[in-house]
Structures are given as C-alpha cells and as structure tokens.
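model38.pdb, holding PDB, C-alpha atoms, pLDDT in the B column:
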```pdb
ATOM      1  CA  MET A   1       0.000   0.000   0.000  1.00 44.00           C
ATOM      2  CA  ASN A   2       1.388   3.403  -0.939  1.00 48.00           C
ATOM      3  CA  ASP A   3       1.479   5.571   2.171  1.00 51.00           C
ATOM      4  CA  HIS A   4       1.916   8.809   0.200  1.00 64.00           C
ATOM      5  CA  PRO A   5      -1.336  10.769   0.178  1.00 80.00           C
ATOM      6  CA  THR A   6      -2.857  11.151  -3.288  1.00 87.00           C
ATOM      7  CA  PRO A   7      -1.328  14.227  -4.955  1.00 91.00           C
ATOM      8  CA  LEU A   8      -3.860  16.896  -5.853  1.00 94.00           C
ATOM      9  CA  LEU A   9      -2.325  17.013  -9.326  1.00 95.00           C
ATOM     10  CA  ARG A  10      -0.238  14.396 -11.088  1.00 94.00           C
ATOM     11  CA  ALA A  11       1.043  14.313 -14.637  1.00 94.00           C
ATOM     12  CA  GLU A  12       2.953  11.488 -16.287  1.00 94.00           C
ATOM     13  CA  GLY A  13       4.715  11.503 -19.636  1.00 93.00           C
ATOM     14  CA  LEU A  14       3.058  14.685 -20.903  1.00 93.00           C
ATOM     15  CA  VAL A  15       3.940  15.501 -24.510  1.00 93.00           C
ATOM     16  CA  LYS A  16       2.645  18.402 -26.609  1.00 91.00           C
ATOM     17  CA  THR A  17       3.858  19.456 -30.048  1.00 89.00           C
ATOM     18  CA  HIS A  18       2.537  22.566 -31.804  1.00 83.00           C
ATOM     19  CA  HIS A  19       2.144  22.296 -35.567  1.00 82.00           C
ATOM     20  CA  GLY A  20       2.055  25.596 -37.381  1.00 78.00           C
ATOM     21  CA  GLU A  21       4.200  27.353 -39.927  1.00 80.00           C
ATOM     22  CA  GLY A  22       7.633  25.775 -40.303  1.00 78.00           C
ATOM     23  CA  ALA A  23       9.002  22.955 -38.173  1.00 77.00           C
ATOM     24  CA  PRO A  24       6.867  21.420 -35.380  1.00 77.00           C
ATOM     25  CA  ALA A  25       7.542  23.058 -31.986  1.00 80.00           C
ATOM     26  CA  HIS A  26       8.082  20.511 -29.208  1.00 79.00           C
ATOM     27  CA  ALA A  27       6.581  22.531 -26.341  1.00 84.00           C
ATOM     28  CA  VAL A  28       6.387  19.772 -23.709  1.00 87.00           C
ATOM     29  CA  ARG A  29       8.543  16.657 -23.980  1.00 86.00           C
ATOM     30  CA  GLY A  30       7.693  13.893 -21.517  1.00 89.00           C
ATOM     31  CA  VAL A  31       6.987  15.730 -18.258  1.00 91.00           C
ATOM     32  CA  ASP A  32       6.256  13.966 -14.957  1.00 94.00           C
ATOM     33  CA  LEU A  33       4.935  16.145 -12.147  1.00 93.00           C
ATOM     34  CA  ARG A  34       3.310  15.694  -8.738  1.00 94.00           C
ATOM     35  CA  VAL A  35       1.824  18.570  -6.769  1.00 95.00           C
ATOM     36  CA  ALA A  36       0.744  17.863  -3.203  1.00 94.00           C
ATOM     37  CA  ARG A  37      -2.243  19.503  -1.567  1.00 94.00           C
ATOM     38  CA  GLY A  38      -1.227  22.874  -0.124  1.00 94.00           C
ATOM     39  CA  GLU A  39       1.969  23.213  -2.186  1.00 95.00           C
ATOM     40  CA  PHE A  40       2.941  26.436  -3.949  1.00 95.00           C
ATOM     41  CA  VAL A  41       4.963  25.446  -7.022  1.00 95.00           C
ATOM     42  CA  ALA A  42       6.555  27.981  -9.371  1.00 94.00           C
ATOM     43  CA  VAL A  43       7.538  26.879 -12.887  1.00 94.00           C
ATOM     44  CA  THR A  44      10.235  29.180 -14.235  1.00 91.00           C
ATOM     45  CA  GLY A  45      12.287  29.266 -17.397  1.00 88.00           C
ATOM     46  CA  PRO A  46      12.986  31.347 -20.484  1.00 83.00           C
ATOM     47  CA  SER A  47      10.308  32.523 -22.886  1.00 81.00           C
ATOM     48  CA  GLY A  48       9.394  29.743 -25.293  1.00 79.00           C
ATOM     49  CA  ALA A  49      10.443  26.961 -22.893  1.00 82.00           C
ATOM     50  CA  GLY A  50       6.912  25.522 -22.901  1.00 85.00           C
ATOM     51  CA  LYS A  51       5.815  26.715 -19.423  1.00 88.00           C
ATOM     52  CA  SER A  52       2.457  28.137 -20.513  1.00 89.00           C
ATOM     53  CA  THR A  53       1.709  25.085 -22.653  1.00 91.00           C
ATOM     54  CA  LEU A  54       2.343  22.900 -19.590  1.00 92.00           C
ATOM     55  CA  LEU A  55      -0.058  25.005 -17.519  1.00 92.00           C
ATOM     56  CA  HIS A  56      -2.697  24.880 -20.269  1.00 92.00           C
ATOM     57  CA  LEU A  57      -2.394  21.086 -20.355  1.00 94.00           C
ATOM     58  CA  LEU A  58      -2.808  20.898 -16.566  1.00 94.00           C
ATOM     59  CA  GLY A  59      -5.972  23.008 -16.787  1.00 93.00           C
ATOM     60  CA  GLY A  60      -7.449  21.090 -19.715  1.00 92.00           C
ATOM     61  CA  LEU A  61      -7.249  24.134 -22.000  1.00 90.00           C
ATOM     62  CA  GLN A  62      -5.123  22.058 -24.384  1.00 91.00           C
ATOM     63  CA  ARG A  63      -4.927  18.287 -24.756  1.00 92.00           C
ATOM     64  CA  PRO A  64      -1.633  16.384 -24.519  1.00 93.00           C
ATOM     65  CA  ASP A  65      -0.503  14.356 -27.539  1.00 93.00           C
ATOM     66  CA  ASP A  66       0.645  11.731 -25.067  1.00 94.00           C
ATOM     67  CA  GLY A  67       0.665  11.196 -21.317  1.00 94.00           C
ATOM     68  CA  SER A  68      -1.981  11.488 -18.610  1.00 95.00           C
ATOM     69  CA  ILE A  69      -3.151  13.908 -15.916  1.00 94.00           C
ATOM     70  CA  TRP A  70      -4.841  12.973 -12.639  1.00 94.00           C
ATOM     71  CA  LEU A  71      -6.878  15.456 -10.610  1.00 93.00           C
ATOM     72  CA  ASP A  72      -7.078  14.341  -7.000  1.00 91.00           C
ATOM     73  CA  GLY A  73      -6.669  10.729  -8.101  1.00 91.00           C
ATOM     74  CA  ASP A  74      -9.137  10.919 -11.029  1.00 92.00           C
ATOM     75  CA  CYS A  75      -7.604  10.188 -14.446  1.00 94.00           C
ATOM     76  CA  THR A  76      -8.714  12.870 -16.927  1.00 93.00           C
ATOM     77  CA  ASP A  77      -7.904  10.908 -20.109  1.00 93.00           C
ATOM     78  CA  SER A  78     -11.572  10.422 -20.987  1.00 93.00           C
ATOM     79  CA  TYR A  79     -12.713  13.955 -20.064  1.00 93.00           C
ATOM     80  CA  THR A  80     -14.661  15.759 -22.783  1.00 93.00           C
ATOM     81  CA  GLU A  81     -14.389  19.521 -23.333  1.00 92.00           C
ATOM     82  CA  ALA A  82     -17.635  19.884 -21.382  1.00 91.00           C
ATOM     83  CA  ARG A  83     -16.269  17.888 -18.447  1.00 93.00           C
ATOM     84  CA  TRP A  84     -13.074  19.976 -18.399  1.00 91.00           C
ATOM     85  CA  ALA A  85     -15.227  23.128 -18.397  1.00 89.00           C
ATOM     86  CA  VAL A  86     -16.994  21.835 -15.278  1.00 88.00           C
ATOM     87  CA  GLU A  87     -13.638  21.034 -13.617  1.00 90.00           C
ATOM     88  CA  ARG A  88     -12.414  24.570 -14.365  1.00 88.00           C
ATOM     89  CA  ARG A  89     -15.518  25.958 -12.695  1.00 83.00           C
ATOM     90  CA  LYS A  90     -15.373  23.773  -9.602  1.00 85.00           C
ATOM     91  CA  ARG A  91     -11.889  22.392  -9.019  1.00 90.00           C
ATOM     92  CA  ILE A  92      -9.425  24.549 -10.954  1.00 92.00           C
ATOM     93  CA  GLY A  93      -9.168  28.341 -10.878  1.00 91.00           C
ATOM     94  CA  ILE A  94      -7.055  29.918 -13.635  1.00 90.00           C
ATOM     95  CA  VAL A  95      -5.517  33.397 -13.778  1.00 89.00           C
ATOM     96  CA  PHE A  96      -3.995  34.619 -17.050  1.00 85.00           C
ATOM     97  CA  GLN A  97      -1.453  37.306 -17.949  1.00 80.00           C
ATOM     98  CA  PHE A  98      -4.013  39.532 -19.680  1.00 78.00           C
ATOM     99  CA  PHE A  99      -6.806  39.061 -17.095  1.00 74.00           C
ATOM    100  CA  ASN A 100      -9.364  37.715 -19.638  1.00 83.00           C
ATOM    101  CA  LEU A 101     -12.207  39.540 -17.901  1.00 89.00           C
ATOM    102  CA  VAL A 102     -15.517  39.915 -19.728  1.00 87.00           C
ATOM    103  CA  SER A 103     -15.216  43.559 -20.776  1.00 87.00           C
ATOM    104  CA  ASN A 104     -18.943  44.326 -20.951  1.00 90.00           C
ATOM    105  CA  LEU A 105     -19.723  42.879 -17.503  1.00 92.00           C
ATOM    106  CA  SER A 106     -19.229  44.774 -14.239  1.00 94.00           C
ATOM    107  CA  VAL A 107     -16.607  43.695 -11.701  1.00 95.00           C
ATOM    108  CA  ALA A 108     -19.351  42.111  -9.571  1.00 95.00           C
ATOM    109  CA  ASP A 109     -20.757  40.132 -12.511  1.00 93.00           C
ATOM    110  CA  ASN A 110     -17.299  38.976 -13.627  1.00 94.00           C
ATOM    111  CA  VAL A 111     -16.621  37.523 -10.176  1.00 94.00           C
ATOM    112  CA  GLU A 112     -20.090  36.050  -9.610  1.00 93.00           C
ATOM    113  CA  LEU A 113     -20.378  34.432 -13.043  1.00 91.00           C
ATOM    114  CA  PRO A 114     -18.300  31.279 -12.316  1.00 89.00           C
ATOM    115  CA  ALA A 115     -20.214  30.719  -9.066  1.00 90.00           C
ATOM    116  CA  LEU A 116     -23.578  31.014 -10.842  1.00 90.00           C
ATOM    117  CA  LEU A 117     -22.371  28.731 -13.655  1.00 87.00           C
ATOM    118  CA  ALA A 118     -21.333  26.175 -11.020  1.00 84.00           C
ATOM    119  CA  GLY A 119     -24.877  26.212  -9.637  1.00 88.00           C
ATOM    120  CA  ALA A 120     -24.459  28.433  -6.557  1.00 89.00           C
ATOM    121  CA  PRO A 121     -27.642  30.259  -5.481  1.00 93.00           C
ATOM    122  CA  PRO A 122     -27.416  33.984  -6.403  1.00 93.00           C
ATOM    123  CA  LYS A 123     -27.338  34.989  -2.728  1.00 95.00           C
ATOM    124  CA  GLN A 124     -24.362  32.695  -2.051  1.00 93.00           C
ATOM    125  CA  ALA A 125     -22.535  33.884  -5.189  1.00 92.00           C
ATOM    126  CA  ARG A 126     -23.017  37.487  -4.080  1.00 93.00           C
ATOM    127  CA  ALA A 127     -21.753  36.785  -0.551  1.00 94.00           C
ATOM    128  CA  ALA A 128     -18.640  35.015  -1.888  1.00 91.00           C
ATOM    129  CA  ARG A 129     -18.004  37.896  -4.298  1.00 91.00           C
ATOM    130  CA  GLU A 130     -18.400  40.556  -1.573  1.00 92.00           C
ATOM    131  CA  GLU A 131     -16.012  38.740   0.753  1.00 91.00           C
ATOM    132  CA  LEU A 132     -13.316  38.277  -1.914  1.00 91.00           C
ATOM    133  CA  LEU A 133     -13.517  41.818  -3.305  1.00 92.00           C
ATOM    134  CA  ALA A 134     -13.261  43.265   0.211  1.00 91.00           C
ATOM    135  CA  GLU A 135     -10.276  41.057   0.953  1.00 89.00           C
ATOM    136  CA  LEU A 136      -8.575  42.040  -2.316  1.00 89.00           C
ATOM    137  CA  GLY A 137      -9.035  45.769  -1.645  1.00 89.00           C
ATOM    138  CA  LEU A 138     -11.731  46.201  -4.293  1.00 90.00           C
ATOM    139  CA  ALA A 139     -14.748  47.091  -2.135  1.00 89.00           C
ATOM    140  CA  GLY A 140     -16.595  49.947  -3.853  1.00 91.00           C
ATOM    141  CA  LYS A 141     -15.511  48.802  -7.325  1.00 91.00           C
ATOM    142  CA  GLU A 142     -18.383  46.321  -7.813  1.00 92.00           C
ATOM    143  CA  ARG A 143     -20.195  48.413 -10.414  1.00 93.00           C
ATOM    144  CA  SER A 144     -17.041  49.443 -12.305  1.00 94.00           C
ATOM    145  CA  MET A 145     -16.320  47.984 -15.721  1.00 94.00           C
ATOM    146  CA  PRO A 146     -12.933  46.256 -16.226  1.00 92.00           C
ATOM    147  CA  GLY A 147     -11.767  49.032 -18.602  1.00 90.00           C
ATOM    148  CA  GLU A 148     -12.113  51.607 -15.816  1.00 93.00           C
ATOM    149  CA  LEU A 149      -9.643  49.785 -13.573  1.00 92.00           C
ATOM    150  CA  SER A 150      -5.835  49.789 -13.466  1.00 90.00           C
ATOM    151  CA  GLY A 151      -3.988  46.656 -14.596  1.00 87.00           C
ATOM    152  CA  GLY A 152      -3.300  45.691 -10.982  1.00 88.00           C
ATOM    153  CA  GLU A 153      -6.974  46.072 -10.081  1.00 91.00           C
ATOM    154  CA  GLN A 154      -8.055  44.023 -13.099  1.00 91.00           C
ATOM    155  CA  GLN A 155      -5.685  41.238 -12.081  1.00 88.00           C
ATOM    156  CA  ARG A 156      -7.142  41.267  -8.551  1.00 91.00           C
ATOM    157  CA  VAL A 157     -10.638  40.944 -10.063  1.00 93.00           C
ATOM    158  CA  ALA A 158      -9.338  38.016 -12.145  1.00 92.00           C
ATOM    159  CA  LEU A 159      -7.942  36.447  -8.963  1.00 91.00           C
ATOM    160  CA  ALA A 160     -11.296  36.892  -7.187  1.00 92.00           C
ATOM    161  CA  ARG A 161     -13.056  35.280 -10.152  1.00 91.00           C
ATOM    162  CA  ALA A 162     -10.629  32.327 -10.106  1.00 92.00           C
ATOM    163  CA  LEU A 163     -11.126  31.782  -6.358  1.00 90.00           C
ATOM    164  CA  VAL A 164     -14.869  32.437  -6.001  1.00 91.00           C
ATOM    165  CA  ASN A 165     -15.729  28.709  -6.072  1.00 89.00           C
ATOM    166  CA  HIS A 166     -12.920  27.832  -3.615  1.00 89.00           C
ATOM    167  CA  PRO A 167     -11.213  25.518  -6.146  1.00 92.00           C
ATOM    168  CA  PRO A 168      -8.636  23.173  -4.602  1.00 93.00           C
ATOM    169  CA  LEU A 169      -6.143  24.138  -7.349  1.00 95.00           C
ATOM    170  CA  LEU A 170      -5.164  27.600  -8.626  1.00 94.00           C
ATOM    171  CA  LEU A 171      -3.179  27.800 -11.889  1.00 95.00           C
ATOM    172  CA  ALA A 172      -1.572  31.180 -12.599  1.00 92.00           C
ATOM    173  CA  ASP A 173      -0.010  31.884 -16.004  1.00 91.00           C
ATOM    174  CA  GLU A 174       2.397  34.869 -15.825  1.00 89.00           C
ATOM    175  CA  PRO A 175      -0.120  36.702 -13.581  1.00 87.00           C
ATOM    176  CA  ALA A 176       2.151  39.741 -13.271  1.00 83.00           C
ATOM    177  CA  GLY A 177       3.389  39.634 -16.880  1.00 81.00           C
ATOM    178  CA  SER A 178       1.615  42.851 -17.849  1.00 78.00           C
ATOM    179  CA  LEU A 179       1.867  44.663 -14.487  1.00 81.00           C
ATOM    180  CA  ASP A 180       4.311  47.234 -13.120  1.00 84.00           C
ATOM    181  CA  SER A 181       6.477  46.451 -10.087  1.00 84.00           C
ATOM    182  CA  LYS A 182       3.801  47.635  -7.642  1.00 86.00           C
ATOM    183  CA  GLY A 183       1.225  45.359  -9.289  1.00 85.00           C
ATOM    184  CA  THR A 184       3.731  42.501  -9.241  1.00 86.00           C
ATOM    185  CA  ARG A 185       4.334  42.927  -5.495  1.00 86.00           C
ATOM    186  CA  GLU A 186       0.576  43.009  -4.933  1.00 87.00           C
ATOM    187  CA  VAL A 187      -0.005  39.763  -6.831  1.00 88.00           C
ATOM    188  CA  MET A 188       2.900  38.122  -5.001  1.00 89.00           C
ATOM    189  CA  ARG A 189       1.530  39.176  -1.612  1.00 89.00           C
ATOM    190  CA  LEU A 190      -1.963  37.904  -2.444  1.00 90.00           C
ATOM    191  CA  LEU A 191      -0.757  34.541  -3.761  1.00 91.00           C
ATOM    192  CA  SER A 192       1.322  34.117  -0.590  1.00 92.00           C
ATOM    193  CA  ARG A 193      -1.669  34.987   1.586  1.00 91.00           C
ATOM    194  CA  PHE A 194      -3.951  32.431  -0.086  1.00 92.00           C
ATOM    195  CA  HIS A 195      -1.193  29.826   0.011  1.00 94.00           C
ATOM    196  CA  GLN A 196      -0.793  30.344   3.768  1.00 92.00           C
ATOM    197  CA  ARG A 197      -4.471  29.435   4.096  1.00 90.00           C
ATOM    198  CA  GLY A 198      -3.902  26.151   2.325  1.00 92.00           C
ATOM    199  CA  GLN A 199      -4.512  27.074  -1.328  1.00 94.00           C
ATOM    200  CA  THR A 200      -2.586  24.824  -3.753  1.00 96.00           C
ATOM    201  CA  ILE A 201      -0.966  26.989  -6.434  1.00 96.00           C
ATOM    202  CA  VAL A 202       0.960  26.252  -9.627  1.00 96.00           C
ATOM    203  CA  LEU A 203       2.457  29.478 -10.955  1.00 94.00           C
ATOM    204  CA  VAL A 204       4.173  29.913 -14.314  1.00 92.00           C
ATOM    205  CA  THR A 205       6.491  32.935 -14.343  1.00 91.00           C
ATOM    206  CA  HIS A 206       9.744  34.208 -15.806  1.00 86.00           C
ATOM    207  CA  ASP A 207       9.942  36.674 -12.873  1.00 84.00           C
ATOM    208  CA  ALA A 208      12.340  35.514 -10.139  1.00 84.00           C
ATOM    209  CA  ARG A 209      10.637  37.791  -7.587  1.00 82.00           C
ATOM    210  CA  LEU A 210       7.291  36.055  -8.059  1.00 85.00           C
ATOM    211  CA  ALA A 211       8.909  32.616  -8.048  1.00 89.00           C
ATOM    212  CA  SER A 212      10.554  33.401  -4.711  1.00 88.00           C
ATOM    213  CA  ALA A 213       7.105  33.376  -3.045  1.00 88.00           C
ATOM    214  CA  ALA A 214       6.723  29.659  -3.839  1.00 93.00           C
ATOM    215  CA  ASP A 215       7.993  26.817  -1.664  1.00 91.00           C
ATOM    216  CA  ARG A 216       9.155  24.745  -4.628  1.00 93.00           C
ATOM    217  CA  VAL A 217      10.642  25.939  -7.910  1.00 94.00           C
ATOM    218  CA  ILE A 218      10.750  23.900 -11.105  1.00 92.00           C
ATOM    219  CA  SER A 219      13.108  25.119 -13.811  1.00 90.00           C
ATOM    220  CA  PHE A 220      11.633  24.382 -17.206  1.00 90.00           C
ATOM    221  CA  PHE A 221      13.864  24.378 -20.249  1.00 88.00           C
ATOM    222  CA  ASP A 222      13.203  23.246 -23.806  1.00 87.00           C
ATOM    223  CA  GLY A 223      10.007  21.413 -22.852  1.00 88.00           C
ATOM    224  CA  ARG A 224      11.531  19.485 -19.956  1.00 87.00           C
ATOM    225  CA  ILE A 225      12.018  19.822 -16.214  1.00 89.00           C
ATOM    226  CA  ALA A 226      15.691  20.698 -15.754  1.00 88.00           C
ATOM    227  CA  ASP A 227      15.559  21.170 -11.974  1.00 87.00           C
ATOM    228  CA  ASP A 228      13.016  20.738  -9.184  1.00 87.00           C
ATOM    229  CA  ALA A 229      13.987  22.154  -5.810  1.00 85.00           C
ATOM    230  CA  GLU A 230      12.432  23.045  -2.478  1.00 84.00           C
ATOM    231  CA  LEU A 231      13.132  26.701  -1.662  1.00 73.00           C
ATOM    232  CA  ASP A 232      13.505  26.295   2.095  1.00 65.00           C
ATOM    233  CA  GLY A 233      16.929  24.764   1.689  1.00 47.00           C
ATOM    234  CA  ALA A 234      15.359  21.309   1.407  1.00 42.00           C
ATOM    235  CA  SER A 235      17.052  18.910  -0.959  1.00 39.00           C
ATOM    236  CA  PRO A 236      15.882  18.829  -4.578  1.00 41.00           C
ATOM    237  CA  ARG A 237      13.399  16.062  -5.290  1.00 41.00           C
ATOM    238  CA  ARG A 238      13.661  13.633  -8.163  1.00 38.00           C
ATOM    239  CA  SER A 239      11.823  15.063 -11.119  1.00 39.00           C
ATOM    240  CA  GLY A 240      11.322  11.704 -12.767  1.00 37.00           C
ATOM    241  CA  ILE A 241      13.537  12.779 -15.646  1.00 35.00           C
ATOM    242  CA  SER A 242      16.772  10.912 -14.970  1.00 33.00           C
ATOM    243  CA  GLY A 243      17.199  12.588 -11.621  1.00 34.00           C
ATOM    244  CA  VAL A 244      17.756  16.258 -10.981  1.00 36.00           C
ATOM    245  CA  LEU A 245      20.482  18.613 -12.053  1.00 34.00           C
ATOM    246  CA  GLU A 246      22.014  20.212  -8.989  1.00 35.00           C
ATOM    247  CA  LEU A 247      22.300  23.891  -9.855  1.00 35.00           C
ATOM    248  CA  LYS A 248      25.401  25.368  -8.215  1.00 34.00           C
ATOM    249  CA  ASP A 249      25.547  29.103  -7.570  1.00 32.00           C
TER     250      ASP A 249
END
```

As structure tokens:
Amino acid sequence: MNDHPTPLLRAEGLVKTHHGEGAPAHAVRGVDLRVARGEFVAVTGPSGAGKSTLLHLLGGLQRPDDGSIWLDGDCTDSYTEARWAVERRKRIGIVFQFFNLVSNLSVADNVELPALLAGAPPKQARAAREELLAELGLAGKERSMPGELSGGEQQRVALARALVNHPPLLLADEPAGSLDSKGTREVMRLLSRFHQRGQTIVLVTHDARLASAADRVISFFDGRIADDAELDGASPRRSGISGVLELKD
C-alpha cells in the first residue's frame, strides 16, 4: 500500500507538439509532475520553454498528444471539453497574464459568473463575491467595468473570479506579466496569503521575484524539467527525468 497521500495534481509523460508554420515546436517533452495539496509550485524558465503550454495542459485548456493527468486521483484521459469546463468551474481556478475579464460585464458580474455557472444560489454567489472583493481591496468597485480599472486592479478581479468557487487548485499563467512592479508585489503578496491558508498553487512565471514566493521551484527548459527544488533549503526532489540537475551558484 502506498502511504503517500494522493497528490492533488499528477502528470505522467506529458507531450505536446505545436504544428504551425515551419518545423513542429516541441513545447512539452515527456513531463512527470506531482503537486501535493497545499503546495505552492513555481515553474520558471525562459520565454518559449513551454511553461504556458504545460499550464494549459494541466488546466485542460489544451490536450496532450501523449501522457496522462490525474486530478485528486481521477484520471482525466476520458474527459470531454464539457467535463473539463466543469472542472475549471469547480476544481481549478485559472488566472492569465491579460486578465481575460468579460469587458462588458461589471466587476461584480465577472466575479459572480463562475459561481452562478457552477450552480451556486445567487445569494451565495453574491456573498462570496463581496467577501473576496473586500479582501482584495476592491470594495466599492463592484459596479465598475474592467476598462475603468488599473492593470493591478483588473488582475485582482481576475484572482477573485478564479477563487470564487474555492477551487482546490489555482493555476496562474504569468499573472504579473503585464503589471508594473507595484502590481507585481501586490499579486505576489496575495498569492502568498492564499497559500498560507492552504490554497494549492501552480504558478508559471519568468519573474524571479514572483517565483521566490513559492515553496518549490521547477526550472523548465526546452520542454523538460531541468531542476526541481524546495526553496527552504530542502534537498531537490527527483523530477522523474533521470534525476535532478544540482544547480550550483
């Protein structure tokens, strides 16, 4: 009997190749990954390394060419688009670089929408929205439209929307990629705060400051995990790809 608790997220042998103009781009090449409940994992690496593709695979936004993903022990191989959409409403919150808010809906409606789609009664959706917006420093902005807000405020609305259904897993794709340094610090502080309360987070970023908020950092290079290390001075764990490269300073 395996005495390890079931990881919240597990991927084995993930492969994804993009076919477009020119030669095929091997974005993800045989990635194995386990994320435990309550972990904050940052995936870092240069632009074009395949980090965002990996995150999109983990959230069901793209399908792997090969390999499998398990959510809390459930294999997702047979999931349809509709089933993945349900998972993204209930079990996976996603925050993107460019916010992806619905521009013609108010802040309140943007945040409440996923809760209503997941079947929450309107009163409950409103209460969850009020609590999150207050916590994220957005009280009084409920009736604003996304275009009236600063980039940092829009990203906080996007974070509220991703968390309104209390999903066990939060995926964040370059969440500070289009923000200034103040906005970046804000996002970092908020991710840390939710993580301290037990939120499991997988963050893709090329920003070392953001990555430093995580408790485990995976270095992604050319579609593969090059290094996988605990930040608290713990020893690197095996990445499942012929061991781990020890990165010397």

Could you write out as a PDB file with C-alpha atoms, keeping the file's coordinate frame the residues that the PyMOL selection byres ((chain A and resi 111-127) around 8) matches in the shown file?
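Produced file result10.pdb, reproduced below:
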```
ATOM      1  CA  VAL A  86     -16.994  21.835 -15.278  1.00 88.00           C
ATOM      2  CA  ARG A  89     -15.518  25.958 -12.695  1.00 83.00           C
ATOM      3  CA  LYS A  90     -15.373  23.773  -9.602  1.00 85.00           C
ATOM      4  CA  VAL A 107     -16.607  43.695 -11.701  1.00 95.00           C
ATOM      5  CA  ALA A 108     -19.351  42.111  -9.571  1.00 95.00           C
ATOM      6  CA  ASP A 109     -20.757  40.132 -12.511  1.00 93.00           C
ATOM      7  CA  ASN A 110     -17.299  38.976 -13.627  1.00 94.00           C
ATOM      8  CA  ALA A 128     -18.640  35.015  -1.888  1.00 91.00           C
ATOM      9  CA  ARG A 129     -18.004  37.896  -4.298  1.00 91.00           C
ATOM     10  CA  GLU A 130     -18.400  40.556  -1.573  1.00 92.00           C
ATOM     11  CA  GLU A 131     -16.012  38.740   0.753  1.00 91.00           C
ATOM     12  CA  VAL A 157     -10.638  40.944 -10.063  1.00 93.00           C
ATOM     13  CA  ALA A 158      -9.338  38.016 -12.145  1.00 92.00           C
ATOM     14  CA  ALA A 160     -11.296  36.892  -7.187  1.00 92.00           C
ATOM     15  CA  ARG A 161     -13.056  35.280 -10.152  1.00 91.00           C
ATOM     16  CA  ALA A 162     -10.629  32.327 -10.106  1.00 92.00           C
ATOM     17  CA  VAL A 164     -14.869  32.437  -6.001  1.00 91.00           C
ATOM     18  CA  ASN A 165     -15.729  28.709  -6.072  1.00 89.00           C
TER      19      ASN A 165
END
```

| request: Would you mind telling me which residue in A:Arg34, A:Arg83, A:Lys16, A:Arg143 lies nearest to Ile218 (chain A) when using only C-alpha atoms? | output: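 Distance minimum relative to Ile218 (chain A) lands on A:Arg34.
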
| said: Need to verify the contact set: Ala49 (chain A), 12 Å, only C-alpha atoms, exclusion of same-chain residues closer than 3 positions in sequence. Can you return it as a list in words? | reply: Ala25, His26, Ala27, Val28, Arg29, Val43, Thr44, Gly45, Pro46, Ser52, Thr53, Leu54, Leu55, Val204, Thr205, His206, Ser219, Phe220, Phe221, Asp222, Gly223, Arg224, Ile225 and Ala226 of chain A

| field | Which residue of A:Phe98, A:Leu171, A:Pro24, A:Ala214 approaches Leu61 (chain A) most closely, using only C-alpha atoms | value |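 The answer is A:Leu171, which sits nearest to Leu61 (chain A).
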
| request: Between A:Ile69, A:Val41, A:Ala23, A:Leu33, single out the one closest to Gln199 (chain A), counting only C-alpha atoms. | output: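 The closest residue to Gln199 (chain A) is A:Val41.
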
| query | Near Pro168 (chain A), counting all atoms listed in the file, which residues have an atom at most 9 Å away, once you skip same-chain residues fewer than 2 positions from it, shown as a list in words? | reply | Leu8, Arg37, Gly38, Lys90, Arg91, Ile92, Gly93, His166, Leu170, Gly198, Gln199, Thr200 and Ile201 of chain A

| Non-local contacts of Phe99 (chain A) (10 Å; all atoms listed in the file; under 5 positions in same chain excluded) as a VMD selection string | chain A and resid 94 146 151 to 159 173 175 to 176 178

Padding 5 Å on each side, edges along x, y and z: where is the centre of the box around the listed atoms of region 204-221 of chain A, and how long are its edges in Å to one decimal? Output it as JSON.
```
{"center_x": 9.0, "center_y": 30.8, "center_z": -11.0, "size_x": 19.7, "size_y": 23.9, "size_z": 28.6}
```

| Using all atoms listed in the file, which of A:Val31, A:Leu231, A:Leu101, A:Leu71 sits nearest Ala213 (chain A)? |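 Of the candidates, the smallest distance to Ala213 (chain A) is held by A:Leu231.
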
| field | Best match for closeness to Thr6 (chain A) among A:Gly177, A:Gly140, A:Gly73, A:Gly147, counting only C-alpha atoms | value |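 Among the listed residues, A:Gly73 lies closest to Thr6 (chain A).
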
| said: Considering all atoms listed in the file, can you say which of A:Gly13, A:Gly30, A:Ser47, A:Gln97 comes closest to Gly67 (chain A)? | reply: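 Of A:Gly13, A:Gly30, A:Ser47, A:Gln97, the one nearest Gly67 (chain A), counting all atoms listed in the file, is A:Gly13.
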
Residue rebuild result region 117-128 of chain A, N, CA and C atoms as a compact mmCIF listing (two decimals), keeping the file's coordinate frame:
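Saved as selection-v2.txt:
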```
# COMPACT_ATOMS: atom_id res chain seq x y z
N LEU A 117 -22.50 29.82 -12.68
CA LEU A 117 -22.37 28.73 -13.66
C LEU A 117 -22.19 27.38 -12.95
N ALA A 118 -21.56 27.42 -11.77
CA ALA A 118 -21.33 26.18 -11.02
C ALA A 118 -22.56 25.78 -10.20
N GLY A 119 -23.63 26.59 -10.30
CA GLY A 119 -24.88 26.21 -9.64
C GLY A 119 -25.10 26.82 -8.26
N ALA A 120 -24.25 27.79 -7.87
CA ALA A 120 -24.46 28.43 -6.56
C ALA A 120 -25.71 29.31 -6.60
N PRO A 121 -26.51 29.33 -5.52
CA PRO A 121 -27.64 30.26 -5.48
C PRO A 121 -27.12 31.70 -5.57
N PRO A 122 -27.87 32.60 -6.23
CA PRO A 122 -27.42 33.98 -6.40
C PRO A 122 -26.96 34.65 -5.10
N LYS A 123 -27.68 34.37 -4.02
CA LYS A 123 -27.34 34.99 -2.73
C LYS A 123 -25.94 34.54 -2.27
N GLN A 124 -25.66 33.26 -2.45
CA GLN A 124 -24.36 32.70 -2.05
C GLN A 124 -23.25 33.25 -2.94
N ALA A 125 -23.52 33.35 -4.24
CA ALA A 125 -22.54 33.88 -5.19
C ALA A 125 -22.20 35.33 -4.81
N ARG A 126 -23.23 36.09 -4.44
CA ARG A 126 -23.02 37.49 -4.08
C ARG A 126 -22.19 37.60 -2.80
N ALA A 127 -22.49 36.75 -1.82
CA ALA A 127 -21.75 36.78 -0.55
C ALA A 127 -20.28 36.44 -0.78
N ALA A 128 -20.03 35.42 -1.61
CA ALA A 128 -18.64 35.02 -1.89
C ALA A 128 -17.90 36.14 -2.60
```
